[in-house]
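Asker: Sharing work.csv here; it has CSV, C-alpha atoms and all ligand atoms.
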chain,number,residue,atom,x,y,z
N,1,MET,CA,0.0,0.0,0.0
N,2,TYR,CA,1.4,3.4,-1.0
N,3,LEU,CA,0.6,5.2,2.3
N,4,LYS,CA,2.6,2.6,4.3
N,5,ASN,CA,5.9,3.5,2.7
N,6,SER,CA,5.4,7.3,2.7
N,7,LYS,CA,7.2,9.6,5.1
N,8,ILE,CA,5.6,13.0,4.2
N,9,ILE,CA,1.9,13.1,3.5
N,10,VAL,CA,-0.1,16.2,2.4
N,11,ILE,CA,-3.8,15.9,3.0
N,12,LYS,CA,-6.2,18.4,1.3
N,13,ILE,CA,-9.7,18.8,2.7
N,14,GLY,CA,-12.4,20.7,0.9
N,15,SER,CA,-15.0,23.0,2.6
N,16,SER,CA,-17.8,20.6,2.0
N,17,LEU,CA,-16.2,18.1,4.5
N,18,LEU,CA,-16.2,20.8,7.2
N,19,ILE,CA,-19.5,22.4,6.6
N,20,ASP,CA,-22.5,20.7,5.2
N,21,ASN,CA,-25.0,22.2,2.7
N,22,LYS,CA,-27.2,23.4,5.6
N,23,LYS,CA,-24.2,25.4,6.9
N,24,LYS,CA,-23.8,23.0,9.8
N,25,ILE,CA,-20.2,22.4,11.0
N,26,ARG,CA,-19.2,18.7,10.8
N,27,ASN,CA,-17.6,18.6,14.2
N,28,LYS,CA,-17.9,14.8,14.6
N,29,TRP,CA,-16.2,14.3,11.2
N,30,LEU,CA,-13.3,16.6,12.1
N,31,PHE,CA,-12.8,14.9,15.5
N,32,GLU,CA,-12.7,11.5,13.8
N,33,PHE,CA,-10.4,12.9,11.2
N,34,SER,CA,-8.0,13.9,13.9
N,35,LYS,CA,-7.8,10.3,14.9
N,36,ASP,CA,-6.7,9.5,11.3
N,37,ILE,CA,-4.0,12.1,11.7
N,38,LYS,CA,-2.9,10.8,15.1
N,39,ASN,CA,-2.7,7.3,13.7
N,40,LEU,CA,-0.3,8.6,10.9
N,41,LEU,CA,1.8,10.6,13.4
N,42,ASN,CA,2.1,7.5,15.6
N,43,LYS,CA,3.7,5.8,12.6
N,44,ASN,CA,6.2,8.6,12.4
N,45,LYS,CA,4.8,10.1,9.3
N,46,LYS,CA,5.0,13.9,8.8
N,47,ILE,CA,1.7,15.5,8.0
N,48,ILE,CA,0.7,18.7,6.3
N,49,ILE,CA,-3.0,19.6,6.0
N,50,VAL,CA,-4.3,21.9,3.3
N,51,SER,CA,-7.7,23.1,4.3
N,52,SER,CA,-10.3,25.2,2.6
N,53,GLY,CA,-13.2,26.6,4.5
N,54,ALA,CA,-12.1,30.2,5.3
N,55,ILE,CA,-14.8,31.7,3.1
N,56,ALA,CA,-17.4,29.2,4.1
N,57,MET,CA,-16.7,29.7,7.8
N,58,GLY,CA,-16.7,33.5,7.3
N,59,CYS,CA,-20.0,33.4,5.5
N,60,LYS,CA,-21.5,31.4,8.4
N,61,LYS,CA,-20.2,33.8,11.0
N,62,LEU,CA,-21.4,36.9,9.1
N,63,ASN,CA,-24.6,35.2,8.0
N,64,LEU,CA,-23.8,35.8,4.3
N,65,SER,CA,-24.4,33.7,1.3
N,66,LYS,CA,-21.3,32.4,-0.6
N,67,LYS,CA,-23.1,33.0,-3.9
N,68,ASN,CA,-22.6,36.3,-5.6
N,69,LEU,CA,-19.9,37.3,-3.1
N,70,LYS,CA,-17.6,39.9,-4.8
N,71,LEU,CA,-13.8,39.3,-4.6
N,72,GLU,CA,-13.2,42.3,-2.3
N,73,LYS,CA,-15.8,41.2,0.1
N,74,SER,CA,-14.8,37.6,0.0
N,75,GLN,CA,-11.2,38.7,1.0
N,76,ALA,CA,-12.7,40.3,4.2
N,77,VAL,CA,-14.9,37.3,4.7
N,78,ALA,CA,-11.9,34.9,4.4
N,79,SER,CA,-10.1,37.0,7.0
N,80,VAL,CA,-12.9,36.5,9.5
N,81,GLY,CA,-13.4,32.9,8.6
N,82,GLN,CA,-9.7,31.8,8.8
N,83,ILE,CA,-9.7,32.3,12.5
N,84,GLU,CA,-12.9,30.4,12.9
N,85,LEU,CA,-11.4,27.6,10.7
N,86,MET,CA,-8.3,27.3,12.8
N,87,ASN,CA,-10.3,27.4,16.1
N,88,LEU,CA,-12.4,24.6,14.7
N,89,PHE,CA,-9.3,22.5,14.0
N,90,ASN,CA,-7.7,23.4,17.3
N,91,LYS,CA,-10.8,22.5,19.3
N,92,ASN,CA,-11.0,19.0,17.7
N,93,PHE,CA,-7.3,18.2,17.3
N,94,ILE,CA,-6.3,19.1,20.8
N,95,LYS,CA,-8.6,16.3,22.1
N,96,ASN,CA,-6.2,13.9,20.5
N,97,LYS,CA,-3.2,16.0,21.6
N,98,ILE,CA,-2.3,17.2,18.2
N,99,ASN,CA,-0.6,20.6,18.0
N,100,ILE,CA,-1.4,22.6,14.9
N,101,SER,CA,0.1,25.7,13.3
N,102,GLN,CA,-1.2,28.0,10.5
N,103,ILE,CA,0.5,28.8,7.2
N,104,LEU,CA,-1.1,31.1,4.6
N,105,LEU,CA,0.5,31.0,1.2
N,106,THR,CA,0.1,32.9,-2.0
N,107,LEU,CA,0.7,31.8,-5.5
N,108,GLU,CA,3.9,33.8,-5.5
N,109,ASP,CA,5.1,32.1,-2.3
N,110,THR,CA,5.0,28.7,-4.1
N,111,GLU,CA,6.3,29.8,-7.5
N,112,GLN,CA,9.3,31.8,-6.4
N,113,ARG,CA,12.2,29.7,-5.5
N,114,ARG,CA,13.5,31.7,-2.6
N,115,ARG,CA,10.1,31.9,-1.0
N,116,ALA,CA,9.3,28.2,-1.7
N,117,LEU,CA,12.6,27.3,0.0
N,118,ASN,CA,11.6,29.3,3.0
N,119,ALA,CA,8.3,27.6,3.2
N,120,LYS,CA,10.1,24.2,2.9
N,121,ARG,CA,12.3,25.1,5.9
N,122,THR,CA,9.3,26.2,7.9
N,123,PHE,CA,7.6,22.9,7.2
N,124,GLU,CA,10.7,21.0,8.3
N,125,ASN,CA,11.1,23.0,11.5
N,126,LEU,CA,7.4,22.5,12.3
N,127,PHE,CA,7.8,18.7,11.8
N,128,GLY,CA,10.8,19.0,14.2
N,129,LEU,CA,8.7,20.7,16.8
N,130,GLY,CA,6.0,18.1,16.5
N,131,PHE,CA,3.4,20.5,15.0
N,132,VAL,CA,1.0,19.8,12.1
N,133,PRO,CA,1.0,22.7,9.7
N,134,ILE,CA,-2.4,23.7,8.3
N,135,VAL,CA,-2.2,25.5,5.1
N,136,ASN,CA,-4.6,27.7,3.2
N,137,GLU,CA,-4.3,30.2,0.4
N,138,ASN,CA,-3.9,33.7,1.7
N,139,ASP,CA,-7.3,34.7,0.4
N,140,SER,CA,-7.2,38.1,2.0
N,141,THR,CA,-4.3,39.4,0.0
N,142,ALA,CA,-4.5,37.4,-3.2
N,143,THR,CA,-6.2,39.1,-6.2
N,144,THR,CA,-7.8,37.3,-9.1
N,145,GLU,CA,-4.7,37.4,-11.4
N,146,ILE,CA,-2.4,36.0,-8.7
N,147,LYS,CA,-4.7,33.6,-7.1
N,148,TYR,CA,-4.9,29.8,-7.1
N,149,GLY,CA,-8.6,30.0,-6.1
N,150,ASP,CA,-8.7,26.3,-5.6
N,151,ASN,CA,-6.8,24.4,-3.0
N,152,ASP,CA,-6.3,21.3,-5.2
N,153,ARG,CA,-3.5,23.0,-7.1
N,154,LEU,CA,-2.2,24.8,-4.0
N,155,ALA,CA,-2.0,21.4,-2.3
N,156,SER,CA,0.0,19.9,-5.1
N,157,ARG,CA,2.5,22.8,-4.9
N,158,VAL,CA,2.7,22.3,-1.2
N,159,ALA,CA,3.4,18.6,-1.8
N,160,GLN,CA,6.1,19.5,-4.3
N,161,ILE,CA,7.8,22.1,-2.0
N,162,SER,CA,7.7,19.8,1.0
N,163,GLY,CA,9.1,16.8,-0.9
N,164,ALA,CA,6.0,14.8,0.0
N,165,ASP,CA,5.6,11.2,-1.0
N,166,VAL,CA,1.8,11.3,-1.3
N,167,LEU,CA,-0.9,14.0,-1.7
N,168,ILE,CA,-4.4,12.9,-0.6
N,169,LEU,CA,-7.2,15.0,-2.1
N,170,LEU,CA,-10.2,14.4,0.1
N,171,SER,CA,-13.2,15.3,-2.0
N,172,ASP,CA,-16.9,14.4,-2.1
N,173,VAL,CA,-16.5,11.8,-4.8
N,174,ASP,CA,-14.7,8.4,-4.7
N,175,GLY,CA,-12.4,9.4,-7.5
N,176,LEU,CA,-12.4,9.5,-11.3
N,177,TYR,CA,-15.0,7.4,-13.0
N,178,THR,CA,-15.0,6.2,-16.7
N,179,LYS,CA,-18.4,8.0,-17.1
N,180,ASN,CA,-20.6,10.1,-14.9
N,181,PRO,CA,-21.6,7.6,-12.2
N,182,LYS,CA,-24.8,9.5,-11.5
N,183,LEU,CA,-26.0,9.1,-15.0
N,184,ASN,CA,-24.4,5.8,-16.1
N,185,LYS,CA,-24.7,2.5,-14.3
N,186,SER,CA,-21.8,1.1,-16.2
N,187,ALA,CA,-19.4,3.8,-14.9
N,188,GLU,CA,-16.4,2.3,-13.3
N,189,LEU,CA,-14.0,3.9,-10.8
N,190,ILE,CA,-10.5,4.2,-12.3
N,191,LYS,CA,-8.1,2.7,-9.7
N,192,GLU,CA,-4.8,3.8,-11.0
N,193,ILE,CA,-3.6,6.3,-13.6
N,194,LYS,CA,0.0,6.4,-14.9
N,195,ASN,CA,-0.5,8.6,-17.9
N,196,ILE,CA,-2.8,11.5,-18.0
N,197,ASP,CA,-3.8,11.1,-21.7
N,198,LYS,CA,-6.6,12.8,-23.7
N,199,ASN,CA,-9.1,10.3,-22.6
N,200,ILE,CA,-8.5,11.1,-18.9
N,201,GLU,CA,-8.6,14.8,-19.6
N,202,ASN,CA,-11.9,14.4,-21.4
N,203,ILE,CA,-13.5,12.5,-18.6
N,204,ALA,CA,-12.2,15.1,-16.1
N,205,THR,CA,-13.5,18.0,-18.2
N,206,LYS,CA,-16.9,16.5,-18.5
N,207,SER,CA,-17.2,16.2,-14.7
N,208,ILE,CA,-16.6,19.9,-14.1
N,209,GLY,CA,-19.3,21.5,-12.0
N,210,GLU,CA,-20.7,18.3,-10.8
N,211,HIS,CA,-18.7,18.2,-7.6
N,212,GLY,CA,-17.1,20.4,-4.9
N,213,THR,CA,-15.1,23.6,-5.5
N,214,GLY,CA,-12.4,22.9,-7.9
N,215,GLY,CA,-14.1,20.0,-9.8
N,216,MET,CA,-12.1,17.3,-11.5
N,217,LYS,CA,-10.2,19.6,-13.8
N,218,THR,CA,-8.2,21.2,-11.0
N,219,LYS,CA,-7.6,17.8,-9.5
N,220,ILE,CA,-6.1,16.6,-12.8
N,221,ASP,CA,-3.9,19.8,-12.9
N,222,ALA,CA,-2.8,18.9,-9.4
N,223,ALA,CA,-2.0,15.3,-10.5
N,224,LYS,CA,0.2,16.6,-13.3
N,225,ILE,CA,2.3,18.7,-10.9
N,226,CYS,CA,2.6,15.7,-8.6
N,227,GLN,CA,3.6,13.4,-11.4
N,228,LEU,CA,6.6,15.6,-12.2
N,229,SER,CA,7.5,16.0,-8.5
N,230,GLY,CA,7.8,12.3,-7.9
N,231,CYS,CA,4.8,12.4,-5.6
N,232,LYS,CA,1.8,10.0,-5.7
N,233,MET,CA,-1.6,11.5,-5.6
N,234,VAL,CA,-4.9,10.0,-4.6
N,235,ILE,CA,-8.5,11.3,-5.0
N,236,ALA,CA,-10.7,9.8,-2.4
N,237,ASN,CA,-14.1,10.4,-0.8
N,238,GLY,CA,-13.6,12.4,2.3
N,239,LEU,CA,-17.2,12.5,3.4
N,240,PRO,CA,-17.3,9.2,5.5
N,241,LEU,CA,-15.8,9.2,9.0
N,242,ARG,CA,-12.1,8.3,9.1
N,243,PRO,CA,-11.4,8.7,5.4
N,244,VAL,CA,-7.7,8.0,5.6
N,245,LYS,CA,-8.4,4.7,7.4
N,246,LYS,CA,-10.8,3.9,4.6
N,247,ILE,CA,-8.1,4.5,1.9
N,248,ILE,CA,-5.8,2.2,3.8
N,249,ASN,CA,-8.4,-0.6,4.3
N,250,GLU,CA,-10.6,-0.4,1.2
N,251,ASN,CA,-8.5,1.5,-1.4
N,252,ASN,CA,-11.7,2.5,-3.2
N,253,CYS,CA,-10.1,5.6,-4.8
N,254,THR,CA,-8.1,6.9,-7.8
N,255,TRP,CA,-4.3,6.8,-7.6
N,256,PHE,CA,-2.1,8.9,-9.9
N,257,LEU,CA,1.4,7.5,-10.1
N,258,PRO,CA,4.5,9.8,-10.6
N,259,LYS,CA,6.5,9.9,-13.8
N,260,ILE,CA,9.8,10.4,-12.2
N,261,SER,CA,11.3,9.5,-8.8
N,262,LYS,CA,11.4,12.0,-6.0
N,263,LEU,CA,15.2,12.1,-6.3
N,264,ASP,CA,15.1,12.8,-10.0
N,265,ALA,CA,12.5,15.5,-9.5
N,266,ARG,CA,14.8,17.1,-6.9
N,267,LYS,CA,17.8,16.9,-9.3
N,268,LYS,CA,15.8,18.5,-12.1
N,269,TRP,CA,14.9,21.3,-9.7
N,270,ILE,CA,18.5,21.8,-8.8
N,271,ILE,CA,19.7,21.9,-12.4
N,272,SER,CA,17.0,24.5,-13.3
N,273,SER,CA,18.4,27.1,-11.0
N,274,ILE,CA,18.9,30.3,-12.9
N,275,SER,CA,21.4,32.0,-10.8
N,276,PRO,CA,23.7,29.9,-8.6
N,277,LYS,CA,25.0,32.0,-5.7
N,278,GLY,CA,28.6,30.9,-5.7
N,279,GLU,CA,31.2,28.5,-7.0
N,280,LEU,CA,33.5,25.8,-5.5
N,281,ILE,CA,36.7,24.9,-7.3
N,282,ILE,CA,37.7,21.3,-6.6
N,283,ASP,CA,40.8,19.1,-7.2
N,284,GLU,CA,41.1,16.1,-9.5
N,285,GLY,CA,40.5,13.6,-6.8
N,286,ALA,CA,37.2,15.1,-5.8
N,287,LYS,CA,36.2,15.3,-9.5
N,288,ASP,CA,36.8,11.6,-9.9
N,289,ALA,CA,34.7,10.9,-6.8
N,290,LEU,CA,31.8,13.0,-8.1
N,291,LYS,CA,32.0,11.0,-11.4
N,292,LYS,CA,31.5,7.9,-9.3
N,293,GLY,CA,28.4,9.4,-7.8
N,294,LYS,CA,30.0,10.3,-4.4
N,295,SER,CA,29.3,13.4,-2.3
N,296,LEU,CA,31.7,16.4,-2.3
N,297,LEU,CA,33.8,16.5,0.8
N,298,ALA,CA,35.8,19.5,2.2
N,299,ALA,CA,39.1,17.8,1.5
N,300,GLY,CA,38.7,18.2,-2.2
N,301,ILE,CA,37.8,21.9,-2.2
N,302,LYS,CA,40.5,24.3,-3.4
N,303,LYS,CA,38.7,27.7,-3.5
N,304,VAL,CA,35.4,29.3,-2.7
N,305,ILE,CA,34.0,32.0,-5.0
N,306,GLY,CA,31.1,34.3,-4.0
N,307,LYS,CA,29.1,34.6,-0.8
N,308,PHE,CA,26.3,32.1,-0.2
N,309,ASN,CA,24.3,30.6,2.6
N,310,LYS,CA,23.7,27.0,3.7
N,311,GLY,CA,21.1,25.5,1.2
N,312,ASP,CA,22.0,27.9,-1.7
N,313,HIS,CA,22.6,26.6,-5.2
N,314,ILE,CA,26.2,26.6,-6.2
N,315,LYS,CA,28.4,25.6,-9.2
N,316,ILE,CA,31.1,23.0,-8.8
N,317,ILE,CA,34.1,23.8,-11.0
N,318,ASP,CA,37.3,21.9,-11.8
N,319,LYS,CA,40.8,23.3,-11.9
N,320,ASN,CA,40.5,24.2,-15.6
N,321,TYR,CA,37.4,26.2,-14.8
N,322,LYS,CA,35.1,23.7,-16.4
N,323,GLU,CA,31.7,23.3,-14.6
N,324,CYS,CA,31.3,19.7,-13.5
N,325,ALA,CA,28.3,19.7,-11.3
N,326,ARG,CA,25.6,21.8,-9.6
N,327,GLY,CA,24.3,21.3,-6.1
N,328,LEU,CA,23.0,22.7,-2.9
N,329,SER,CA,25.6,23.6,-0.4
N,330,SER,CA,25.3,22.1,3.1
N,331,PHE,CA,27.5,24.9,4.4
N,332,SER,CA,27.8,28.7,4.0
N,333,SER,CA,30.7,30.1,2.0
N,334,PHE,CA,32.1,31.4,5.2
N,335,GLU,CA,32.1,28.0,6.8
N,336,ILE,CA,33.7,26.4,3.7
N,337,GLU,CA,36.6,28.9,3.8
N,338,LYS,CA,37.4,27.5,7.2
N,339,ILE,CA,37.1,23.7,6.4
N,340,MET,CA,38.3,23.4,2.8
N,341,GLY,CA,41.2,21.1,2.3
N,342,HIS,CA,40.5,19.4,5.6
N,343,HIS,CA,39.4,15.9,6.4
N,344,SER,CA,35.7,15.5,7.3
N,345,ASN,CA,36.5,14.5,10.9
N,346,GLU,CA,38.2,17.8,11.6
N,347,ILE,CA,35.1,19.9,10.7
N,348,GLU,CA,33.6,19.9,14.2
N,349,LYS,CA,36.9,21.2,15.7
N,350,LEU,CA,37.3,23.8,13.0
N,351,LEU,CA,33.8,25.2,13.2
N,352,GLY,CA,33.2,24.6,16.9
N,353,TYR,CA,29.9,22.7,16.3
N,354,ILE,CA,28.6,19.4,14.9
N,355,SER,CA,27.5,19.6,11.3
N,356,LYS,CA,27.2,17.4,8.2
N,357,SER,CA,30.3,15.8,6.9
N,358,GLU,CA,29.5,16.3,3.1
N,359,VAL,CA,29.8,19.9,1.7
N,360,VAL,CA,27.4,18.9,-1.1
N,361,HIS,CA,25.5,15.6,-0.5
N,362,LYS,CA,25.2,13.4,-3.6
N,363,ASP,CA,21.4,13.6,-3.4
N,364,ASP,CA,21.7,17.4,-3.6
N,365,MET,CA,24.0,17.3,-6.6
N,366,VAL,CA,23.7,16.8,-10.4
N,367,GLU,CA,26.7,15.9,-12.3
N,368,LEU,CA,27.0,17.7,-15.7
N,401,LIG,N1,-9.1,29.1,0.1
N,401,LIG,C1,-10.5,29.0,0.0
N,401,LIG,C2,-11.1,29.0,1.4
N,401,LIG,O1,-10.5,28.6,2.3
N,401,LIG,C3,-11.0,27.7,-0.7
N,401,LIG,C4,-10.4,27.3,-2.0
N,401,LIG,C5,-11.1,26.0,-2.4
N,401,LIG,O2,-12.2,25.8,-2.1
N,401,LIG,O3,-10.4,25.2,-3.0
N,401,LIG,O4,-12.3,29.3,1.6
Show me this structure written as structure tokens.
Answerer:
Amino acid sequence: MYLKNSKIIVIKIGSSLLIDNKKKIRNKWLFEFSKDIKNLLNKNKKIIIVSSGAIAMGCKKLNLSKKNLKLEKSQAVASVGQIELMNLFNKNFIKNKINISQILLTLEDTEQRRRALNAKRTFENLFGLGFVPIVNENDSTATTEIKYGDNDRLASRVAQISGADVLILLSDVDGLYTKNPKLNKSAELIKEIKNIDKNIENIATKSIGEHGTGGMKTKIDAAKICQLSGCKMVIANGLPLRPVKKIINENNCTWFLPKISKLDARKKWIISSISPKGELIIDEGAKDALKKGKSLLAAGIKKVIGKFNKGDHIKIIDKNYKECARGLSSFSSFEIEKIMGHHSNEIEKLLGYISKSEVVHKDDMVEL
């Protein structure tokens, strides 16, 4: 089962799971859902929740109808509703001793490398603190042109940024059917999709407007982002109690399998950096080691060019000034100045603190 081997899981829940069509809050559902989360946390999985519902909760609080709500007003409504939403999560999750935090992202936060890296680090630090981040789009500042508008695509970007293994889209349908199941008895649930071909796109387009906020189209868009990020994605029915448990036990849902591995996706991302922040000149021994797929160690570094921070993209250059690799540095340029030419076991003494032994880890590097 795909969830069993996953370390980082992003779960997106739509507004209709939190508030029913009579505007009643589904407290019992959320409390039961928190047991699903607890169960995953107990198995050492790292969880991020992407939740819609700010506008729906705001409408409830202000006694407004979601229909015909103008953008400007909806931004204010979302601002009111986001607190209500988080209070709702907190109230239910705390009963299972789950600590939550809030992250509001905009389209730009996820598209711009630097901001995306910041978000990634925040997720990692929250995992370290034992908190479950709950993400929503920052509806109060996003304008139409720079807005996701649907949390399906936002969730897939969150999955990509956080290096998630699986994205679960909890919706109000079981998954993608061959035909509209409400109209055709012969409709069958598609269990696994490797290739999003014309046929799949057609089925998805036809189901627009039938269900939930984003409809199937945005879910397919999300699946495409996941496929290129090495992340599996599943569309499952979130309406029943304990929906994640149901995926594990019954697997009555639609899985989208990635096209490339997570490692390859990461490497592709490294290579696409437009402006590396610095350069490391290495000796022939280190160059041979890189060719064999090994990490770059301090001993093989001859010179540091430029100023960069830990985690920045850098070029790795040989003595003839030929670029041989690109990677993410595990140290700042300042630290590398101190440790270059030295054996890895001297690093702690030279810096005065414990750190990684590789300057650029092989998983963070692409050989050219
Ligand atoms: N961000 C919106 C909200 O919280 C929802 C977007 C969506 O429904 O996908 O109300």
Asker: Given the choices N:Leu88, N:Ile314, N:Ile161, N:Ile193, which gets closest to N:Glu111 if the distance is worked out from all atoms listed in the file?
Answerer: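 Looking at the shortest contact to N:Glu111, the residue is N:Ile161.
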Asker: Please, which residues in stretch 62-124 of chain N fall within 12 Å of stretch 138-155 of chain N when counting all atoms listed in the file, and what is the closest atom pair and distance in Å to one decimal for each, ordered by chain then residue number, as a Markdown table?
Answerer:
| residue | atom | partner | partner_atom | distance |
| --- | --- | --- | --- | --- |
| N:Lys70 | CA | N:Thr144 | CA | 11.0 |
| N:Leu71 | CA | N:Thr144 | CA | 7.8 |
| N:Glu72 | CA | N:Ser140 | CA | 8.5 |
| N:Lys73 | CA | N:Ser140 | CA | 9.3 |
| N:Ser74 | CA | N:Ser140 | CA | 7.9 |
| N:Gln75 | CA | N:Ser140 | CA | 4.2 |
| N:Ala76 | CA | N:Ser140 | CA | 6.3 |
| N:Val77 | CA | N:Ser140 | CA | 8.2 |
| N:Ala78 | CA | N:Asp139 | CA | 6.1 |
| N:Ser79 | CA | N:Ser140 | CA | 5.9 |
| N:Val80 | CA | N:Ser140 | CA | 9.6 |
| N:Gly81 | CA | N:Asp139 | CA | 10.4 |
| N:Gln82 | CA | N:Asp139 | CA | 9.2 |
| N:Gln102 | CA | N:Asn138 | CA | 10.8 |
| N:Ile103 | CA | N:Asn138 | CA | 8.6 |
| N:Leu104 | CA | N:Asn138 | CA | 4.8 |
| N:Leu105 | CA | N:Asn138 | CA | 5.2 |
| N:Thr106 | CA | N:Asn138 | CA | 5.5 |
| N:Leu107 | CA | N:Lys147 | CA | 5.9 |
| N:Glu108 | CA | N:Ile146 | CA | 7.4 |
| N:Asp109 | CA | N:Asn138 | CA | 10.0 |
| N:Thr110 | CA | N:Leu154 | CA | 8.2 |
| N:Glu111 | CA | N:Leu154 | CA | 10.5 |
Asker: List all protein, DNA and RNA residues that have an atom no more than 6 Å from any atom of ligand LIG 401 (chain N), counting all atoms listed in the file, and report them as a ChimeraX atom specification.
Answerer: /N:14,52-56,136-137,139,149-151,213-214
Asker: Please identify all polymer residues lying at most 10 Å from the point (-18.6, 20.4, 15.3) (file coordinates), using all atoms listed in the file, and present the result as a list in words.
Answerer: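 The requested residues, written out, are Leu18, Ile19, Lys24, Ile25, Arg26, Asn27, Lys28, Trp29, Leu30, Phe31, Leu88, Phe89, Lys91 and Asn92 of chain N.
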Asker: Interatomic distance between atom CA of N:Lys262 and atom CA of N:Gly130?
Answerer: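 Taking atom CA of N:Lys262 and atom CA of N:Gly130, their separation equals 23.9 Å.
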Asker: Could stretch 257-275 of chain N be completed with N, CA and C atoms and written as a PDB file, in the coordinates of the input, please?
Answerer:
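The resulting file, part.pdb, is shown below:
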ATOM      1  N   LEU N 257       0.057   7.870 -10.403  1.00  0.00           N
ATOM      2  CA  LEU N 257       1.400   7.500 -10.100  1.00  0.00           C
ATOM      3  C   LEU N 257       2.416   8.486 -10.754  1.00  0.00           C
ATOM      4  N   PRO N 258       3.532   8.771 -10.070  1.00  0.00           N
ATOM      5  CA  PRO N 258       4.500   9.800 -10.600  1.00  0.00           C
ATOM      6  C   PRO N 258       5.217   9.262 -11.850  1.00  0.00           C
ATOM      7  N   LYS N 259       5.698  10.203 -12.638  1.00  0.00           N
ATOM      8  CA  LYS N 259       6.500   9.900 -13.800  1.00  0.00           C
ATOM      9  C   LYS N 259       7.938   9.713 -13.551  1.00  0.00           C
ATOM     10  N   ILE N 260       8.393  10.435 -12.532  1.00  0.00           N
ATOM     11  CA  ILE N 260       9.800  10.400 -12.200  1.00  0.00           C
ATOM     12  C   ILE N 260       9.939  10.144 -10.680  1.00  0.00           C
ATOM     13  N   SER N 261      11.122   9.719 -10.239  1.00  0.00           N
ATOM     14  CA  SER N 261      11.300   9.500  -8.800  1.00  0.00           C
ATOM     15  C   SER N 261      11.461  10.848  -8.101  1.00  0.00           C
ATOM     16  N   LYS N 262      11.281  10.823  -6.796  1.00  0.00           N
ATOM     17  CA  LYS N 262      11.400  12.000  -6.000  1.00  0.00           C
ATOM     18  C   LYS N 262      12.847  12.598  -6.150  1.00  0.00           C
ATOM     19  N   LEU N 263      13.805  11.673  -6.176  1.00  0.00           N
ATOM     20  CA  LEU N 263      15.200  12.100  -6.300  1.00  0.00           C
ATOM     21  C   LEU N 263      15.462  12.766  -7.628  1.00  0.00           C
ATOM     22  N   ASP N 264      14.933  12.185  -8.709  1.00  0.00           N
ATOM     23  CA  ASP N 264      15.100  12.800 -10.000  1.00  0.00           C
ATOM     24  C   ASP N 264      14.443  14.153 -10.110  1.00  0.00           C
ATOM     25  N   ALA N 265      13.262  14.242  -9.466  1.00  0.00           N
ATOM     26  CA  ALA N 265      12.500  15.500  -9.500  1.00  0.00           C
ATOM     27  C   ALA N 265      13.377  16.576  -8.773  1.00  0.00           C
ATOM     28  N   ARG N 266      13.976  16.183  -7.661  1.00  0.00           N
ATOM     29  CA  ARG N 266      14.800  17.100  -6.900  1.00  0.00           C
ATOM     30  C   ARG N 266      16.013  17.545  -7.738  1.00  0.00           C
ATOM     31  N   LYS N 267      16.602  16.594  -8.448  1.00  0.00           N
ATOM     32  CA  LYS N 267      17.800  16.900  -9.300  1.00  0.00           C
ATOM     33  C   LYS N 267      17.406  17.844 -10.413  1.00  0.00           C
ATOM     34  N   LYS N 268      16.239  17.602 -10.984  1.00  0.00           N
ATOM     35  CA  LYS N 268      15.800  18.500 -12.100  1.00  0.00           C
ATOM     36  C   LYS N 268      15.608  19.893 -11.566  1.00  0.00           C
ATOM     37  N   TRP N 269      15.099  19.982 -10.360  1.00  0.00           N
ATOM     38  CA  TRP N 269      14.900  21.300  -9.700  1.00  0.00           C
ATOM     39  C   TRP N 269      16.208  21.986  -9.487  1.00  0.00           C
ATOM     40  N   ILE N 270      17.202  21.216  -9.048  1.00  0.00           N
ATOM     41  CA  ILE N 270      18.500  21.800  -8.800  1.00  0.00           C
ATOM     42  C   ILE N 270      19.126  22.352 -10.071  1.00  0.00           C
ATOM     43  N   ILE N 271      19.034  21.563 -11.123  1.00  0.00           N
ATOM     44  CA  ILE N 271      19.700  21.900 -12.400  1.00  0.00           C
ATOM     45  C   ILE N 271      18.970  23.167 -13.014  1.00  0.00           C
ATOM     46  N   SER N 272      17.693  23.367 -12.658  1.00  0.00           N
ATOM     47  CA  SER N 272      17.000  24.500 -13.300  1.00  0.00           C
ATOM     48  C   SER N 272      17.226  25.818 -12.609  1.00  0.00           C
ATOM     49  N   SER N 273      18.126  25.830 -11.626  1.00  0.00           N
ATOM     50  CA  SER N 273      18.400  27.100 -11.000  1.00  0.00           C
ATOM     51  C   SER N 273      19.000  28.113 -11.937  1.00  0.00           C
ATOM     52  N   ILE N 274      18.432  29.287 -11.961  1.00  0.00           N
ATOM     53  CA  ILE N 274      18.900  30.300 -12.900  1.00  0.00           C
ATOM     54  C   ILE N 274      20.149  30.963 -12.486  1.00  0.00           C
ATOM     55  N   SER N 275      20.217  31.247 -11.197  1.00  0.00           N
ATOM     56  CA  SER N 275      21.400  32.000 -10.800  1.00  0.00           C
ATOM     57  C   SER N 275      22.039  31.385  -9.524  1.00  0.00           C
TER      58      SER N 275
END
